[in-house]
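Q: Got a structure for you, written out below as structure tokens; questions coming shortly.
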Amino acid sequence: MHELITKLYQLALSSHIVSTLLEPVHIVILALPIMTLLLAMIILTIQLRTRQTLSERNLISTYSFIWYLAAAYLLIILPLPTRSSVASLTTAEYNLQPFYFLTQLKALTPFELGDPSTWLAAFKSDTFFQPFFNVLLFMPIGAYLKWRHRWPLWLITLTSFSISLFFETTQLTGLYGYYSRAYRMFDVDDLMMNTLGGIVGAWCLHLIPNQWRNRDHSTRLNWQEHPINWRRIGALVIDWLAIAAFDTVYFVLVKHFNWPLPHDFRWLYLVDILLFFIGPAWCWQGKTIGGRLLNSQIVAVNGKRANLWQLLIHYGGLYLIGLPLLFLDLWLFNRLGNVPSATLNRLDVYLVVVSVILLIISYDLLLALFSRSHQLWCEKLSRTTVK
């Protein structure tokens with residue numbers, strides 16, 4: 001068994017794509033969105049169980065906060081350089097001088113406190129935008145903790161500092177030993193600006209009237225009514241485990257036994273969708289492999305069998321639009337760069353647009369998993385539902 005595992009691992013390393021994915025940091029990056037969704041489901045399930053009721057607004061706000069933390073983490077650690085390039089770095093690994101950015105601002109920009117005509121040019125510089133971005137990055141932490149949990153300011157301050165320290169430690173340790181040295185500089189100014197961002201976020205919440213903050217007309221989920229569709233969740237997990245097993249066998253046949261099969265894994269992805277979702281659902285009256293095992297199926301909204309066109313729209317929306325957007329979002333995160341730019345470029349706009357669309361789609365998915373009556377956007381389009 002040990003010999004077989006060793007051969008399979010060496011076989012994986014022979015493929016550039018798979019060897020890249022086998023690196024721990026890339027596994028974390030690819031798994032982070034899925035881990036975020038799973039963590040949100042666990043936390044929300046516990047909240048719904050303990051409170052007995054939970055509004056859709058509370059569900060969305062909690063998931064948004066978890067999603068935001070994951071996105072902030074990606075912004076901090078990406079892009080990832082190669083190990084060899086990090087090993088050859090000679091730049092400083094840390095800055096322990098408080099307010100060093102003010103010294104840089106004065107040295108690298110024409111900024112003069114008594115001359116307002118110099119302020120605009122200074123504010124447009126990266127020297128100013130870096131600490132300003134660090135304040136903005138942590139404002140949602142303070143706002144969320146104050147709004148949802150009504151934490152006191154001292155606890156929000158401590159939490160903001162702790163999260164910032166975790167991010168900075170991740171950089172200083174070279175992703176906890178993955179790199180031979182720090183690939184980003186540990187900066188005490190970042191700690192201060194991040195902590196200030198949490199405080200400002202909590203303070204800004206007071207600008208919103210209480211009646212607006214406390215007003216919630218969204219649908220309420222009741223634990224006694226069993227709103228979570230466990231069969232649908234279980235069927236989805238089984239289907240993707242079956243896909244993972246199939247793709248592993250396919251990879252071994254192509255790479256090890258040289259079977260004359262397509263080497264383009266984009267085509268394999270399309271085959272997966274056809275073989276494990278659209279095909280079985282068409283042949284088994286809306287049931288996939290997981291659906292047959294757990295008695296979960298897709299039907300038309302009128303209760304009749306979903307036709308092929310409806311199945312194509314349903315699964316096409318999920319796996320040919322939704323999931324590819326996730327990979328596009330991760331690619332844009334990696335291309336964004338490690339220093340915020342004071343000038344908004346095209347890549348920044350693409351990242352914001354794709355991230356917002358993906359967040360809305362993920363909201364939709366989460367509500368569908370936590371409410372049996374909620375239809376996904378692609379289900380509304382295809383006029384189907386899951387029962």
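So you can find residues: chains in the structure tokens are A, B, ... in the order shown, residues in each start at 1, and ligands are numbered from 1 in order.
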Find the spatial neighbours of Thr288 in chain A, counting only C-alpha atoms, within a cut-off of 10 Å - ignore same-chain residues fewer than 4 positions away - and output them as a ChimeraX atom specification.

A: /A:235-236,238-239,275-284,292-298

Q: Name the residues in contact with Arg148 in chain A at a cut-off of 9 Å, using only C-alpha atoms, excluding same-chain residues fewer than 6 positions from it; report them as a list in words.

A: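 Residues near the query, excluding close chain neighbours: Asn58, Ser61 and Thr62 of chain A.
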
Q: Distance CA of Thr103 in chain A-CA of Phe129 in chain A, one decimal place?

A: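 CA of Phe129 in chain A lies 14.3 Å from CA of Thr103 in chain A.
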
Q: List the spatial neighbours of Glu56 in chain A as a ChimeraX atom specification - criterion: any atom at most 9 Å away, only C-alpha atoms, same-chain residues fewer than 4 positions off excluded.

A: /A:60-61,218-221,367

Q: Tell me, which residues of range 44-275 of chain A carry DSSP strand (DSSP E), written as a ChimeraX atom specification?

A: /A:53-55,94-95,186-187,220-222

Q: Could you pull out all residues of range 137-191 of chain A with a DSSP call of helix (DSSP H, G or I) and give them as a PyMOL selection string?

A: chain A and resi 137-148+153-172+174-177+188-191
